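Below is the file final-v3.txt, which contains compact mmCIF, C-alpha atoms.
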```
# COMPACT_ATOMS: atom_id res chain seq x y z
CA MET A 28 -14.70 -8.31 19.17
CA LYS A 29 -12.47 -10.51 21.34
CA TYR A 30 -14.43 -13.61 20.29
CA ALA A 31 -14.06 -12.70 16.60
CA LEU A 32 -10.32 -12.26 17.04
CA ALA A 33 -10.05 -15.59 18.83
CA LEU A 34 -11.95 -17.32 16.01
CA ILE A 35 -9.71 -15.84 13.31
CA LEU A 36 -6.58 -16.79 15.23
CA SER A 37 -7.93 -20.30 15.63
CA ILE A 38 -8.59 -20.59 11.90
CA GLY A 39 -5.12 -19.19 11.19
CA THR A 40 -3.43 -21.75 13.43
CA THR A 41 -5.32 -24.58 11.73
CA LEU A 42 -4.38 -23.32 8.28
CA ALA A 43 -0.78 -22.74 9.27
CA PHE A 44 -0.08 -26.18 10.64
CA GLY A 45 -2.71 -28.15 8.71
CA GLN A 46 -1.00 -28.00 5.32
CA GLN A 47 2.53 -28.14 4.00
CA PRO A 48 4.41 -24.93 3.18
CA VAL A 49 4.39 -23.99 -0.46
CA PRO A 50 7.83 -23.27 -1.96
CA GLY A 51 8.32 -19.79 -3.36
CA GLN A 52 8.26 -18.90 -7.02
CA ASN A 53 11.81 -18.75 -8.30
CA PRO A 54 13.04 -15.38 -9.58
CA SER A 55 14.87 -15.20 -12.86
CA PRO A 56 18.48 -16.37 -12.29
CA ALA A 57 21.40 -14.13 -13.10
CA PRO A 58 22.00 -14.56 -16.85
CA PRO A 59 25.26 -16.10 -18.06
CA ALA A 60 28.01 -13.63 -18.88
CA GLY A 61 27.32 -11.85 -22.14
CA THR A 62 23.62 -12.74 -22.29
CA LEU A 63 20.43 -10.98 -21.22
CA PRO A 64 17.13 -12.40 -19.95
CA THR A 65 14.40 -12.56 -22.58
CA VAL A 66 10.65 -13.07 -22.65
CA ASP A 67 10.51 -16.87 -22.44
CA GLY A 68 6.83 -17.48 -21.67
CA THR A 69 7.36 -18.19 -17.95
CA ASN A 70 5.80 -14.82 -17.06
CA GLY A 71 3.36 -14.13 -19.85
CA ARG A 72 4.64 -11.46 -22.23
CA SER A 73 7.00 -9.96 -19.65
CA LEU A 74 10.53 -10.73 -18.53
CA PRO A 75 10.85 -13.59 -16.03
CA SER A 76 9.85 -12.61 -12.48
CA PRO A 77 12.80 -10.82 -10.85
CA LEU A 78 11.79 -11.58 -7.24
CA ALA A 79 10.84 -14.75 -5.37
CA SER A 80 7.23 -14.70 -4.24
CA LEU A 81 6.87 -16.41 -1.83
CA PRO A 82 8.51 -15.25 0.40
CA PHE A 83 8.47 -11.64 -0.90
CA PRO A 84 5.05 -9.97 -1.28
CA SER A 85 5.44 -9.55 -5.05
CA SER A 86 7.39 -11.21 -7.84
CA GLU A 87 7.50 -7.99 -9.91
CA TRP A 88 9.14 -4.58 -9.66
CA ASP A 89 7.03 -1.63 -8.54
CA GLY A 90 4.50 -0.17 -10.98
CA ALA A 91 1.36 -2.36 -11.03
CA PRO A 92 -0.73 -3.18 -12.91
CA VAL A 93 1.68 -4.78 -15.36
CA VAL A 94 0.13 -5.47 -18.74
CA GLY A 95 1.19 -8.82 -20.19
CA ILE A 96 1.28 -10.99 -17.06
CA SER A 97 -1.46 -12.92 -15.31
CA ALA A 98 -3.24 -10.99 -12.55
CA GLU A 99 -5.66 -13.79 -11.67
CA ALA A 100 -5.66 -14.75 -7.99
CA ALA A 101 -5.19 -18.28 -6.72
CA ASN A 102 -8.13 -20.35 -5.54
CA TYR A 103 -8.12 -19.55 -1.83
CA PRO A 104 -10.25 -21.44 0.75
CA LEU A 105 -13.39 -19.29 0.36
CA GLN A 106 -13.31 -19.76 -3.42
CA LYS A 107 -13.00 -23.50 -2.97
CA ALA A 108 -15.75 -23.64 -0.34
CA LEU A 109 -18.12 -21.90 -2.75
CA GLY A 110 -17.31 -24.41 -5.51
CA LEU A 111 -15.94 -21.74 -7.85
CA THR A 112 -12.51 -23.14 -8.59
CA LYS A 113 -13.14 -23.13 -12.35
CA SER A 114 -14.56 -19.61 -12.42
CA ARG A 115 -12.72 -16.44 -13.41
CA PHE A 116 -14.80 -14.63 -10.79
CA LYS A 117 -12.75 -14.69 -7.59
CA ILE A 118 -13.92 -14.11 -4.04
CA TYR A 119 -11.36 -14.18 -1.25
CA GLY A 120 -9.81 -12.07 1.48
CA TRP A 121 -7.56 -11.95 4.50
CA ALA A 122 -7.38 -10.79 8.10
CA SER A 123 -4.48 -9.00 9.79
CA ILE A 124 -4.41 -9.05 13.59
CA GLY A 125 -1.58 -7.22 15.28
CA GLY A 126 -0.27 -5.72 18.46
CA ASN A 127 2.69 -3.82 19.80
CA LEU A 128 4.69 -2.89 22.85
CA SER A 129 5.43 0.83 22.80
CA THR A 130 7.18 3.48 24.86
CA SER A 131 4.08 5.61 24.22
CA HIS A 132 1.08 5.16 26.50
CA ASP A 133 -1.93 6.59 24.64
CA SER A 134 -1.13 6.89 20.93
CA ASN A 135 1.58 5.79 18.50
CA ALA A 136 0.62 8.46 15.91
CA PRO A 137 2.02 9.51 13.50
CA THR A 138 3.13 5.86 13.17
CA SER A 139 0.84 3.71 11.02
CA TYR A 140 -0.98 1.46 10.93
CA ASN A 141 -0.35 0.21 14.48
CA LEU A 142 -1.93 3.30 16.01
CA VAL A 143 -2.94 1.98 19.44
CA PRO A 144 -0.02 1.27 21.80
CA ASN A 145 0.26 -1.83 23.97
CA GLN A 146 -2.86 -3.48 22.59
CA VAL A 147 -3.95 -6.19 20.13
CA VAL A 148 -6.39 -5.02 17.43
CA LEU A 149 -8.01 -6.21 14.22
CA ASP A 150 -6.06 -4.11 11.74
CA GLN A 151 -7.91 -5.16 8.62
CA LEU A 152 -10.48 -7.72 7.55
CA ILE A 153 -10.74 -7.64 3.77
CA LEU A 154 -13.25 -9.18 1.38
CA ARG A 155 -12.38 -8.91 -2.32
CA ILE A 156 -14.51 -9.80 -5.33
CA GLU A 157 -12.89 -9.53 -8.75
CA ARG A 158 -12.57 -10.69 -12.32
CA GLN A 159 -9.24 -9.92 -13.97
CA PRO A 160 -8.96 -9.52 -17.75
CA ASN A 161 -6.46 -11.67 -19.60
CA THR A 162 -3.74 -9.27 -20.78
CA ILE A 163 -1.37 -11.99 -21.97
CA GLN A 164 -3.40 -12.65 -25.12
CA THR A 165 -3.48 -9.98 -27.84
CA ASP A 166 -6.34 -11.06 -30.13
CA HIS A 167 -9.48 -9.79 -28.36
CA MET A 168 -10.77 -7.28 -25.83
CA ASP A 169 -11.45 -8.47 -22.29
CA TRP A 170 -13.04 -6.95 -19.21
CA GLY A 171 -13.00 -7.19 -15.46
CA PHE A 172 -13.69 -5.46 -12.17
CA LEU A 173 -12.53 -5.35 -8.56
CA VAL A 174 -14.28 -4.51 -5.27
CA ASP A 175 -12.38 -4.28 -1.96
CA ASN A 176 -14.11 -3.94 1.41
CA ILE A 177 -12.22 -3.25 4.63
CA PHE A 178 -13.29 -3.41 8.27
CA GLY A 179 -10.87 -2.72 11.08
CA THR A 180 -8.68 0.01 12.53
CA ASP A 181 -6.88 0.54 9.21
CA TYR A 182 -10.01 2.06 7.63
CA ARG A 183 -8.96 5.48 8.95
CA TYR A 184 -6.02 5.49 6.51
CA THR A 185 -8.03 4.54 3.41
CA ILE A 186 -11.23 6.56 3.92
CA ALA A 187 -12.33 8.98 1.16
CA LYS A 188 -14.35 12.07 2.02
CA GLY A 189 -17.91 11.58 0.81
CA ILE A 190 -17.87 7.75 0.88
CA PHE A 191 -18.98 6.45 4.29
CA SER A 192 -16.48 8.90 5.75
CA ASP A 193 -18.46 10.23 8.75
CA ARG A 194 -17.32 7.30 10.86
CA LEU A 195 -13.88 8.89 10.85
CA LEU A 196 -14.27 12.53 9.86
CA ALA A 197 -17.26 13.18 12.11
CA GLY A 198 -16.71 10.54 14.79
CA ASN A 199 -12.99 9.67 15.04
CA HIS A 200 -13.91 6.06 15.81
CA LEU A 201 -11.25 3.38 16.15
CA TYR A 202 -13.04 0.76 14.01
CA GLY A 203 -14.85 1.36 10.77
CA TYR A 204 -15.74 0.20 7.24
CA ASP A 205 -14.57 1.50 3.87
CA PRO A 206 -15.17 0.27 0.28
CA THR A 207 -11.59 1.17 -0.59
CA GLN A 208 -11.64 0.07 -4.21
CA PHE A 209 -14.44 -0.39 -6.73
CA TYR A 210 -13.57 -0.12 -10.39
CA GLY A 211 -14.20 -1.59 -13.80
CA LEU A 212 -11.46 -2.79 -16.17
CA LEU A 213 -11.33 -2.88 -19.97
CA TYR A 214 -8.40 -4.44 -21.83
CA LEU A 215 -7.70 -3.14 -25.35
CA PRO A 216 -4.97 -5.31 -26.93
CA LYS A 217 -4.45 -3.20 -30.08
CA ILE A 218 -3.46 0.05 -28.37
CA GLY A 219 0.31 -0.06 -27.94
CA GLN A 220 1.19 -3.61 -26.95
CA GLY A 221 -1.94 -3.71 -24.83
CA THR A 222 -3.78 -1.08 -22.78
CA LEU A 223 -5.69 -1.59 -19.54
CA LEU A 224 -8.32 1.04 -18.71
CA LYS A 225 -9.44 1.39 -15.08
CA VAL A 226 -12.48 3.50 -14.08
CA GLY A 227 -13.73 3.97 -10.51
CA ARG A 228 -12.06 4.31 -7.12
CA PHE A 229 -8.57 2.82 -6.94
CA ILE A 230 -5.47 2.87 -4.76
CA SER A 231 -2.90 5.54 -5.64
CA PRO A 232 -0.45 3.82 -8.01
CA ALA A 233 2.74 5.36 -6.54
CA ASP A 234 4.67 4.01 -3.51
CA ILE A 235 6.66 0.89 -2.65
CA GLU A 236 4.18 0.28 0.16
CA ALA A 237 0.49 -0.52 -0.16
CA GLN A 238 -2.63 -0.40 1.95
CA TRP A 239 -3.11 -4.15 2.11
CA ALA A 240 -1.20 -6.38 4.51
CA PRO A 241 -0.20 -9.15 2.04
CA ASP A 242 1.41 -6.58 -0.28
CA ASN A 243 3.93 -5.09 2.18
CA TYR A 244 7.46 -5.96 3.22
CA LEU A 245 6.78 -5.08 6.89
CA TYR A 246 3.88 -4.77 9.33
CA SER A 247 4.16 -1.05 9.99
CA HIS A 248 4.52 1.68 7.37
CA SER A 249 7.05 4.41 6.78
CA LEU A 250 6.19 7.90 7.99
CA MET A 251 6.27 9.22 4.41
CA PHE A 252 3.67 6.66 3.33
CA THR A 253 1.40 7.62 6.22
CA VAL A 254 0.88 11.16 4.93
CA ASP A 255 0.70 10.87 1.13
CA PRO A 256 -2.34 10.10 -1.12
CA TYR A 257 -4.12 6.79 -0.51
CA THR A 258 -6.87 6.49 -3.11
CA PHE A 259 -8.14 8.31 -6.19
CA MET A 260 -11.49 8.28 -7.97
CA GLY A 261 -11.32 8.68 -11.72
CA ALA A 262 -9.84 6.90 -14.75
CA GLN A 263 -6.38 5.50 -15.44
CA ALA A 264 -4.96 3.96 -18.61
CA THR A 265 -1.91 1.68 -18.39
CA VAL A 266 -0.23 1.34 -21.80
CA ARG A 267 2.41 -1.31 -22.50
CA LEU A 268 5.02 -0.11 -24.99
CA SER A 269 7.42 -3.06 -24.74
CA PRO A 270 8.54 -5.65 -22.17
CA TYR A 271 10.69 -2.87 -20.68
CA TRP A 272 8.44 0.20 -20.82
CA GLN A 273 4.89 1.07 -19.86
CA ILE A 274 3.16 4.36 -19.09
CA GLU A 275 0.17 5.33 -16.95
CA LEU A 276 -2.06 8.31 -17.79
CA GLY A 277 -5.12 9.33 -15.84
CA VAL A 278 -7.48 11.91 -14.40
CA HIS A 279 -8.98 11.91 -10.92
CA GLY A 280 -10.77 14.12 -8.39
CA GLY A 281 -7.88 14.47 -5.96
CA ASN A 282 -6.62 12.36 -3.10
CA ASP A 283 -9.05 10.52 -0.83
CA VAL A 284 -12.26 12.22 -1.93
CA ALA A 285 -15.35 11.26 -3.92
CA VAL A 286 -15.65 13.08 -7.25
CA TRP A 287 -19.11 14.35 -6.25
CA ASN A 288 -17.84 15.91 -3.01
CA GLU A 289 -17.34 19.68 -2.74
CA SER A 290 -13.64 19.12 -1.91
CA ALA A 291 -12.91 17.35 -5.22
CA HIS A 292 -10.67 19.02 -7.82
CA LEU A 293 -9.63 17.83 -11.28
CA ASN A 294 -6.10 16.37 -11.22
CA GLY A 295 -3.95 14.57 -13.75
CA LEU A 296 -1.64 11.55 -13.41
CA ALA A 297 1.34 10.58 -15.57
CA MET A 298 3.78 7.81 -14.57
CA PHE A 299 6.23 5.56 -16.39
CA ARG A 300 7.72 2.17 -15.56
CA TYR A 301 11.08 1.02 -16.92
CA VAL A 302 12.78 -2.35 -16.36
CA SER A 303 16.38 -2.74 -17.51
CA ARG A 304 17.29 -5.41 -20.05
CA THR A 305 19.23 -7.24 -17.34
CA ASN A 306 16.01 -7.37 -15.23
CA ASN A 307 18.14 -6.18 -12.27
CA ASN A 308 16.97 -2.55 -12.16
CA SER A 309 13.69 -0.69 -12.44
CA ILE A 310 12.48 2.90 -12.30
CA TYR A 311 8.89 3.89 -11.61
CA ALA A 312 8.41 7.66 -11.61
CA GLY A 313 6.30 10.63 -12.61
CA ILE A 314 3.51 12.88 -11.42
CA ASN A 315 1.02 11.06 -9.23
CA SER A 316 -1.28 14.07 -8.92
CA ILE A 317 -1.18 17.51 -10.57
CA GLY A 318 -3.85 20.19 -10.67
CA SER A 319 -4.67 23.44 -8.92
CA GLY A 320 -3.32 22.18 -5.59
CA GLN A 321 -5.88 24.29 -3.74
CA TYR A 322 -6.84 23.00 -0.29
CA SER A 323 -10.64 23.04 -0.20
CA HIS A 324 -13.40 22.71 2.41
CA GLU A 325 -11.12 21.33 5.13
CA HIS A 326 -9.65 18.68 2.83
CA ASP A 327 -6.23 18.09 1.26
CA ASN A 328 -5.57 18.44 -2.45
CA LEU A 329 -2.06 17.00 -2.51
CA GLN A 330 0.16 17.38 -5.55
CA MET A 331 2.86 14.74 -5.82
CA ALA A 332 6.02 14.07 -7.84
CA VAL A 333 7.54 10.67 -7.02
CA ALA A 334 10.26 8.26 -8.14
CA THR A 335 11.13 4.69 -7.10
CA TRP A 336 14.28 2.74 -7.99
CA GLY A 337 14.58 -1.01 -7.53
CA HIS A 338 17.83 -2.98 -7.73
CA ARG A 339 18.51 -6.70 -7.46
CA PHE A 340 21.97 -7.63 -6.20
CA ASN A 341 21.24 -11.33 -6.71
CA ALA A 342 18.33 -13.75 -6.45
CA LYS A 343 18.19 -13.40 -2.65
CA VAL A 344 19.00 -9.71 -2.02
CA HIS A 345 17.28 -6.66 -3.46
CA THR A 346 16.55 -3.06 -2.50
CA GLN A 347 13.95 -0.43 -3.35
CA SER A 348 14.21 3.31 -2.70
CA GLU A 349 11.55 6.00 -3.09
CA VAL A 350 11.57 9.79 -2.89
CA TYR A 351 8.71 12.26 -3.27
CA TYR A 352 7.85 15.92 -3.10
CA ILE A 353 4.26 16.83 -2.18
CA TRP A 354 2.65 20.26 -1.95
CA GLN A 355 -0.61 22.21 -1.83
CA TYR A 356 -1.74 25.81 -1.30
CA ASP A 357 -3.47 27.70 1.53
CA ALA A 358 -3.84 24.58 3.65
CA LEU A 359 -4.44 24.06 7.34
CA VAL A 360 -1.78 22.73 9.68
CA GLY A 361 -2.55 19.03 10.06
CA GLY A 362 -4.22 18.71 6.65
CA THR A 363 -7.68 17.17 6.30
CA VAL A 364 -9.81 17.95 9.34
CA ILE A 365 -11.28 15.26 11.57
CA ASP A 366 -14.19 17.00 13.31
CA GLY A 367 -14.98 14.16 15.69
CA PRO A 368 -14.07 14.19 19.37
CA GLY A 369 -10.47 13.63 20.41
CA ARG A 370 -9.94 10.14 21.74
CA ARG A 371 -7.13 8.54 23.66
CA PHE A 372 -5.66 6.82 20.60
CA TYR A 373 -5.87 10.02 18.51
CA GLN A 374 -6.48 13.52 19.83
CA GLY A 375 -5.43 15.54 16.78
CA THR A 376 -8.96 16.58 15.83
CA GLY A 377 -10.34 19.97 14.87
CA ALA A 378 -9.09 22.50 12.32
CA GLY A 379 -5.48 23.61 12.46
CA ALA A 380 -4.21 27.11 11.76
CA LEU A 381 -4.20 28.38 8.17
CA HIS A 382 -0.79 28.48 6.47
CA PRO A 383 -1.05 30.90 3.51
CA GLY A 384 0.88 29.99 0.39
CA THR A 385 2.66 26.69 -0.17
CA SER A 386 2.70 23.82 2.29
CA ASN A 387 5.11 21.11 1.22
CA ALA A 388 6.83 17.95 2.39
CA VAL A 389 9.70 15.74 1.28
CA GLY A 390 9.84 12.00 1.90
CA ALA A 391 12.47 9.33 1.29
CA VAL A 392 12.56 5.63 2.16
CA ASN A 393 14.77 2.63 1.48
CA TYR A 394 13.80 -1.03 1.85
CA THR A 395 16.50 -3.71 1.70
CA GLN A 396 15.48 -7.38 1.71
CA VAL A 397 17.50 -10.55 2.28
CA GLN A 398 15.90 -13.93 1.63
CA LEU A 399 16.74 -16.22 4.53
CA GLY A 400 14.87 -19.29 3.29
CA LYS A 401 12.11 -20.40 0.94
CA LEU A 402 9.50 -18.95 3.30
CA THR A 403 11.41 -16.28 5.25
CA TYR A 404 13.11 -12.96 4.63
CA LEU A 405 14.67 -10.09 6.56
CA SER A 406 13.66 -6.50 5.77
CA VAL A 407 15.42 -3.29 6.86
CA ARG A 408 13.66 0.05 6.35
CA ASN A 409 15.02 3.55 6.89
CA ASP A 410 12.89 6.57 6.09
CA LEU A 411 12.86 10.35 6.34
CA LEU A 412 9.97 12.82 6.36
CA VAL A 413 10.47 16.60 6.31
CA ASP A 414 7.27 18.50 7.19
CA PRO A 415 8.38 22.16 7.41
CA GLN A 416 4.93 23.74 7.87
CA GLY A 417 3.35 20.90 9.86
CA ASN A 418 0.72 20.35 7.15
CA ARG A 419 1.15 16.57 7.15
CA THR A 420 1.67 15.81 10.86
CA SER A 421 0.67 19.01 12.75
CA TYR A 422 4.30 19.48 13.80
CA ALA A 423 6.82 21.51 11.80
CA THR A 424 9.76 19.15 12.00
CA ALA A 425 11.84 16.53 10.25
CA TYR A 426 11.43 12.86 11.25
CA SER A 427 13.36 9.66 10.77
CA SER A 428 12.36 6.09 11.48
CA HIS A 429 14.38 2.87 11.42
CA THR A 430 12.79 -0.58 11.30
CA VAL A 431 14.06 -4.15 11.18
CA GLY A 432 11.66 -7.04 10.67
CA VAL A 433 11.40 -10.68 9.69
CA VAL A 434 8.52 -12.14 7.71
CA HIS A 435 7.88 -15.88 7.91
CA HIS A 436 5.24 -17.85 6.01
CA PHE A 437 3.92 -20.96 7.70
CA SER A 438 2.16 -21.64 4.39
CA GLU A 439 0.86 -19.67 1.43
CA LEU A 440 -2.12 -18.78 3.66
CA VAL A 441 -0.51 -17.68 6.93
CA ARG A 442 2.42 -15.42 7.77
CA ILE A 443 3.76 -13.51 10.76
CA ARG A 444 5.61 -10.18 10.62
CA PRO A 445 7.54 -9.27 13.80
CA GLU A 446 9.55 -6.04 13.81
CA VAL A 447 11.29 -3.46 16.00
CA ARG A 448 11.26 0.27 15.24
CA TYR A 449 12.72 3.51 16.50
CA GLU A 450 11.60 6.96 15.31
CA ARG A 451 12.33 10.56 16.25
CA ALA A 452 11.33 14.17 15.56
CA TYR A 453 14.23 16.65 15.32
CA ALA A 454 12.94 20.24 15.63
CA ALA A 455 13.50 21.87 18.99
CA GLY A 456 10.40 21.49 21.12
CA ALA A 457 8.63 19.14 18.65
CA THR A 458 6.85 16.35 20.57
CA PRO A 459 4.48 14.64 18.09
CA TYR A 460 4.38 11.23 19.77
CA ASP A 461 1.97 10.04 22.47
CA ASN A 462 -0.50 12.86 21.82
CA GLY A 463 2.10 15.62 21.98
CA GLN A 464 4.14 14.33 24.92
CA LYS A 465 7.27 12.78 23.37
CA ARG A 466 9.79 13.50 20.64
CA ASP A 467 10.71 9.86 19.99
CA GLN A 468 9.20 6.39 20.20
CA PHE A 469 10.30 2.76 20.29
CA THR A 470 7.96 -0.09 19.35
CA ALA A 471 8.15 -3.86 19.08
CA ALA A 472 5.24 -5.08 17.00
CA MET A 473 3.90 -8.13 15.15
CA ASP A 474 0.86 -9.16 13.18
CA VAL A 475 -0.55 -12.40 11.80
CA VAL A 476 -1.98 -12.37 8.27
CA VAL A 477 -4.44 -15.12 7.39
CA ARG A 478 -5.80 -15.55 3.86
CA PHE A 479 -9.19 -17.16 3.28
```

Spit out the file's structure as structure tokens when you get a sec.
Amino acid sequence: MKYALALILSIGTTLAFGQQPVPGQNPSPAPPAGTLPTVDGTNGRSLPSPLASLPFPSSEWDGAPVVGISAEAANYPLQKALGLTKSRFKIYGWASIGGNLSTSHDSNAPTSYNLVPNQVVLDQLILRIERQPNTIQTDHMDWGFLVDNIFGTDYRYTIAKGIFSDRLLAGNHLYGYDPTQFYGLLYLPKIGQGTLLKVGRFISPADIEAQWAPDNYLYSHSLMFTVDPYTFMGAQATVRLSPYWQIELGVHGGNDVAVWNESAHLNGLAMFRYVSRTNNNSIYAGINSIGSGQYSHEHDNLQMAVATWGHRFNAKVHTQSEVYYIWQYDALVGGTVIDGPGRRFYQGTGAGALHPGTSNAVGAVNYTQVQLGKLTYLSVRNDLLVDPQGNRTSYATAYSSHTVGVVHHFSELVRIRPEVRYERAYAAGATPYDNGQKRDQFTAAMDVVVRF
């Protein structure tokens, strides 16, 4: 493993300093007094991009996929090496290698994804193969697909019961593999102003944060993100109603479980995305998962209502805030059971006590970003998680965490994400950190993300 890490770091250094930085995409400027931004063709059939990307991870408000803009990836080095620069089939990926200094000795849990304290690890090595349909045009149907493969320590947060899940659920291993996404896409231009149908296994559409390193404002994740749904298996339709409104409707088998597994339950999904006519505000909200809510066969069946608000103060400063309420019935303390042996980095294995009735949790997070330069920004995150029955973290307590980080791109292929973080549990006697030894934790962490 150490030789693989050294090789990736070597490649990253070459890429970082072997080509010139690429200026960021300009966000839409503040409109003149008395006027509003309009669809001008710079961003397909949507309003001009509200955010600068680079340096920010995305140029759009929360609520992907967005029908009416291009979703086709750039030609990254692997695509070029294979001689496929003119193909709509894309093959590319990235590696995230990170480490931290922590006041904990054995485990940083429930912090994610930098689980192992005072050590450098391969967080995620991703290979993606995809073809994205063209949703800008409106005269014919189009199709596509996407397959994501992950290897690294982050697999434990994306795993779905029944899909190569024994590595975690039966073994509690630090490193593993997961085919996190595999789905087909069908674009139907005559339904609404365009409808994109997705069928397969896909990442839960809610949340400011995402599983993949290039899509996040910071290296680590909020506590509330750590304990909510990660992936679904089922079908989702994204319907564009106008440049300002789109809705998502779907059915799935529950969070983080294969539809053929005994723990699967039928759930529905209904979300909407609204962008204001000024392009300075957005709301993305709805029901991410709704069904029986019955915990089943040692696995969560989380129900989730969620809302996200984004606001742009100007071209260089914006904020996003998210709140959710999640619940399920007759669940075990600690949620989904990992039956593997307890290990130094994570000892919370085995079944927790049954909590009859409702187990719930409330989460809230705010991200505020300030662009410092064409390739650099500052991000401040404050988040709250209330886990009154201990279903999500094994400890019945409220938590807060506070993180400040800087993200700098050496080029469009290489970035670093240093940060400092402090977090705390508040209930008397609650010591969730360092395998049940501490009530608070301080970390200084950083990763390097290299695209290929």

Taking (13.6, -1.4, 6.7) in the coordinates of the supplied file, I want to know which residues reach to within 6 Å of it, counting all atoms listed in the file; could you give the answer as an MDAnalysis selection string? chainID A and resid 394 406:409 430:431

Top pick for closest residue to Thr335 (chain A), considering A:Glu99, A:Glu275, A:Asp234, A:Asp414 and counting all atoms listed in the file: A:Asp234

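Among the candidate residues A:Gln106, A:Tyr271, A:Gln220, A:Gln398, the one lying nearest to Asn341 (chain A) is A:Gln398, with distances computed using all atoms listed in the file.
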
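Of the residues listed (A:Leu412, A:Val476, A:Leu105, A:Leu63), A:Val476 shows the shortest atom-to-atom separation from Ala122 (chain A); distances use all atoms listed in the file.
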
Within 10 Å of region 146-155 of chain A using all atoms listed in the file, minus same-chain residues under 4 positions, as number ranges by chain: A: 28-29, 31-32, 35, 117-129, 140-142, 173-182, 201-209, 238-240, 472-479

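A straight line drawn from CA of Phe191 (chain A) to CA of Ser323 (chain A) is 19.1 Å long.
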
Can you tell me, as a PDB file with C-alpha atoms, keeping the file's coordinate frame, what residues are no more than 10 Å from region 256-260 of chain A when counting only C-alpha atoms, ignoring any on the same chain fewer than 3 positions away?
```pdb
ATOM      1  CA  TYR A 184      -6.020   5.490   6.510  1.00  0.00           C
ATOM      2  CA  THR A 185      -8.030   4.540   3.410  1.00  0.00           C
ATOM      3  CA  ILE A 186     -11.230   6.560   3.920  1.00  0.00           C
ATOM      4  CA  ALA A 187     -12.330   8.980   1.160  1.00  0.00           C
ATOM      5  CA  THR A 207     -11.590   1.170  -0.590  1.00  0.00           C
ATOM      6  CA  GLN A 208     -11.640   0.070  -4.210  1.00  0.00           C
ATOM      7  CA  PHE A 209     -14.440  -0.390  -6.730  1.00  0.00           C
ATOM      8  CA  TYR A 210     -13.570  -0.120 -10.390  1.00  0.00           C
ATOM      9  CA  VAL A 226     -12.480   3.500 -14.080  1.00  0.00           C
ATOM     10  CA  GLY A 227     -13.730   3.970 -10.510  1.00  0.00           C
ATOM     11  CA  ARG A 228     -12.060   4.310  -7.120  1.00  0.00           C
ATOM     12  CA  PHE A 229      -8.570   2.820  -6.940  1.00  0.00           C
ATOM     13  CA  ILE A 230      -5.470   2.870  -4.760  1.00  0.00           C
ATOM     14  CA  SER A 231      -2.900   5.540  -5.640  1.00  0.00           C
ATOM     15  CA  PRO A 232      -0.450   3.820  -8.010  1.00  0.00           C
ATOM     16  CA  ALA A 233       2.740   5.360  -6.540  1.00  0.00           C
ATOM     17  CA  ASP A 234       4.670   4.010  -3.510  1.00  0.00           C
ATOM     18  CA  ALA A 237       0.490  -0.520  -0.160  1.00  0.00           C
ATOM     19  CA  GLN A 238      -2.630  -0.400   1.950  1.00  0.00           C
ATOM     20  CA  PHE A 252       3.670   6.660   3.330  1.00  0.00           C
ATOM     21  CA  THR A 253       1.400   7.620   6.220  1.00  0.00           C
ATOM     22  CA  GLN A 263      -6.380   5.500 -15.440  1.00  0.00           C
ATOM     23  CA  VAL A 278      -7.480  11.910 -14.400  1.00  0.00           C
ATOM     24  CA  HIS A 279      -8.980  11.910 -10.920  1.00  0.00           C
ATOM     25  CA  GLY A 280     -10.770  14.120  -8.390  1.00  0.00           C
ATOM     26  CA  GLY A 281      -7.880  14.470  -5.960  1.00  0.00           C
ATOM     27  CA  ASN A 282      -6.620  12.360  -3.100  1.00  0.00           C
ATOM     28  CA  ASP A 283      -9.050  10.520  -0.830  1.00  0.00           C
ATOM     29  CA  VAL A 284     -12.260  12.220  -1.930  1.00  0.00           C
ATOM     30  CA  ALA A 285     -15.350  11.260  -3.920  1.00  0.00           C
ATOM     31  CA  VAL A 286     -15.650  13.080  -7.250  1.00  0.00           C
ATOM     32  CA  TRP A 287     -19.110  14.350  -6.250  1.00  0.00           C
ATOM     33  CA  ALA A 291     -12.910  17.350  -5.220  1.00  0.00           C
ATOM     34  CA  ASN A 294      -6.100  16.370 -11.220  1.00  0.00           C
ATOM     35  CA  ASN A 315       1.020  11.060  -9.230  1.00  0.00           C
ATOM     36  CA  SER A 316      -1.280  14.070  -8.920  1.00  0.00           C
ATOM     37  CA  ASP A 327      -6.230  18.090   1.260  1.00  0.00           C
ATOM     38  CA  ASN A 328      -5.570  18.440  -2.450  1.00  0.00           C
ATOM     39  CA  LEU A 329      -2.060  17.000  -2.510  1.00  0.00           C
ATOM     40  CA  GLN A 330       0.160  17.380  -5.550  1.00  0.00           C
ATOM     41  CA  MET A 331       2.860  14.740  -5.820  1.00  0.00           C
ATOM     42  CA  ILE A 353       4.260  16.830  -2.180  1.00  0.00           C
TER      43      ILE A 353
END
```

Quick one: everything within 12 Å of Ile218 (chain A), counting all atoms listed in the file, minus sequence neighbours fewer than 5 positions away in the same chain. Send it as number ranges by chain. A: 94, 165-168, 213, 223-224, 264-269, 273

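In this model, the gap between CA of Trp88 (chain A) and CA of Thr395 (chain A) comes to 13.6 Å.
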
re CA of Gly261 (chain A) and CA of Lys225 (chain A): distance 8.2 Å

Need the shell around Tyr322 (chain A): protein/DNA/RNA residues with any atom at most 12 Å away, counting only C-alpha atoms. Skip same-chain ones fewer than 2 positions apart. Format as a VMD selection string? chain A and resid 281 to 282 289 to 292 318 to 320 324 to 330 354 to 364 381 to 386 418

With a distance cut-off of 12 Å and all atoms listed in the file, select the neighbouring residues of Gly463 (chain A), excluding the residue or stretch itself and same-chain residues fewer than 5 positions from it, and output the selection as a PyMOL selection string. chain A and resi 131-137+371-375+420-422+452+456-458+468
